[in-house]
Amino acid sequence: KVILFGGAQNGQMMNDTWEWDGAQWIQIHVEGPSARFPAGFVYDGVNQKVLLFGGHKYDNSGITTYGDTWAWDGATWESIMADGPSARDGAKAVFDPLTKYVYLFGGAEITSSVKNLNDMWTWNGSQWKQLEVESPPARVHPAMAFDVKRGVIVMTGGSNGPDLTLGDTWEWDEAQWICTDGCK
């Protein structure tokens with residue numbers, strides 16, 4: 001099934017959970033994470049749970065950025081108490097079936113200013129670990145996917161500011177990032 005959580009609709013922050021069964025969307029009425037978007041969101045194939053990290057909400061009080069981890073097992077949301085990445089939104093997550101880790105890259109810390117990030121983290125099902133590697137430039141909202149045929153994570157695009165859309169492509173080979181297109 002495909003899982004959808006949260007987002008914003010007509011300026012209203014959402015914290016609803018939906019499943020697509022191949023024919024229709026069904027809302028699942030459960031308690032879970034607070035309203036937010038855009039969180040890192042990925043299926044963890046080892047633990048067979050959807051993992052959600054971070055995101056932000058905005059209201060009349062301003063912006064709140066989250067640094068929490070949640071897991072969806074198909075019936076309930078569980079808040080995972082684990083030290084990990086700083087609060088952020090716009091990070092991307094991908095599951096690597098070879099290493100059996102979830103990888104989280106980048107995003108933005110939003111306080112009185114916005115700081116785009118280029119750090120990389122792994123999730124092993126119970127804890128976050130920051131990887132100390134030379135990373136691509138900081139960005140929010142890149143596209144990331146695991147290339148099964150070649151065994152690499154591919155990341156492209158995103159933004160590094162309000163007027164800077166990135167067009168580069170990077171690959172993570174379990175040891176390092178390699179720029180494969182559009183790098184300066």
# chains A, B, ... in the order shown; residues from 1 in each chain; ligands from 1
>>> residues_around(residues="segment 135-148 of chain A", least_positions_apart="5", cutoff="8 Å", atoms="only C-alpha atoms", output="ChimeraX atom specification")
/A:89-96,106-108,116-120,153-161,170,176-177,179
>>> residues_around(residues="Gln127 of chain A", least_positions_apart="4", cutoff="8 Å", atoms="only C-alpha atoms", output="list in words")
Ala82, Asp83, Gly84 and Trp123 of chain A
>>> select_by_dssp(residues="segment 3-182 of chain A", states="strand (DSSP E)", output="PyMOL selection string")
chain A and resi 3-9+12-20+25-28+40-44+49-53+56-59+62-65+69-72+77-80+92-96+101-110+114-123+128-131+143-147+152-156+169-172+177-181
>>> atom_distance(atom1="atom CA of Ile26 of chain A", atom2="atom CA of Val2 of chain A")
10.4 Å
>>> atom_distance(atom1="atom CA of Lys1 of chain A", atom2="atom CA of Trp70 of chain A")
18.1 Å
>>> atom_distance(atom1="atom CA of Gly11 of chain A", atom2="atom CA of Ile110 of chain A")
18.6 Å
>>> residues_around(residues="Tyr58 of chain A", least_positions_apart="6", cutoff="10 Å", atoms="only C-alpha atoms", output="list in words")
Ala8, Gly11, Gln12, Met13, Ala35, Arg36, Phe37, Thr64 and Thr65 of chain A
>>> closest_residue(among="A:Ala71, A:Leu104, A:Val50, A:Met14", to="Trp128 of chain A", atoms="only C-alpha atoms")
A:Leu104
>>> residues_around(residues="Asp16 of chain A", least_positions_apart="2", cutoff="7 Å", atoms="only C-alpha atoms", output="list of chain:residue names")
A:Phe5, A:Gly6, A:Met14, A:Trp18
>>> write_last_selection(atoms="N, CA and C atoms", output="PDB file, in the first residue's frame")
ATOM      1  N   PHE A   5       0.985  11.041   4.543  1.00  0.00           N
ATOM      2  CA  PHE A   5       0.793  11.678   5.836  1.00  0.00           C
ATOM      3  C   PHE A   5       0.957  13.180   5.719  1.00  0.00           C
ATOM      4  N   GLY A   6       0.045  13.909   6.345  1.00  0.00           N
ATOM      5  CA  GLY A   6       0.183  15.345   6.536  1.00  0.00           C
ATOM      6  C   GLY A   6       0.191  16.168   5.275  1.00  0.00           C
ATOM      7  N   MET A  14      -1.945  19.755   8.034  1.00  0.00           N
ATOM      8  CA  MET A  14      -2.664  18.488   8.178  1.00  0.00           C
ATOM      9  C   MET A  14      -1.806  17.475   8.942  1.00  0.00           C
ATOM     10  N   TRP A  18      -3.308   8.472   5.330  1.00  0.00           N
ATOM     11  CA  TRP A  18      -4.113   7.860   4.269  1.00  0.00           C
ATOM     12  C   TRP A  18      -3.366   6.669   3.682  1.00  0.00           C
TER      13      TRP A  18
END
>>> residues_around(residues="Phe53 of chain A", least_positions_apart="3", cutoff="8 Å", atoms="only C-alpha atoms", output="list in words")
Ala39, Gly40, Phe41, Tyr66, Gly67, Asp68, Thr69 and Trp70 of chain A
>>> closest_residue(among="A:Ile63, A:Tyr43, A:Gly22, A:Asp173", to="Arg150 of chain A", atoms="only C-alpha atoms")
A:Asp173
>>> closest_atom_pairs(of="segment 45-87 of chain A", to="segment 31-34 of chain A", cutoff="9 Å", atoms="only C-alpha atoms", output="tab-separated table")
residue	atom	partner	partner_atom	distance
A:Leu52	CA	A:Pro33	CA	8.8
A:Lys57	CA	A:Ser34	CA	8.6
A:Asp68	CA	A:Pro33	CA	8.9
A:Thr69	CA	A:Pro33	CA	9.0
A:Trp70	CA	A:Pro33	CA	7.1
A:Trp72	CA	A:Gly32	CA	8.8
A:Thr76	CA	A:Gly32	CA	7.5
A:Trp77	CA	A:Gly32	CA	5.1
A:Glu78	CA	A:Gly32	CA	7.2
A:Ser79	CA	A:Pro33	CA	7.7
>>> closest_residue(among="A:Gly125, A:Glu19, A:Gly182, A:Asn60", to="Ile80 of chain A", atoms="only C-alpha atoms")
A:Gly125
>>> closest_residue(among="A:Ile3, A:Glu132, A:Glu171, A:Thr99", to="Asp21 of chain A", atoms="only C-alpha atoms")
A:Ile3
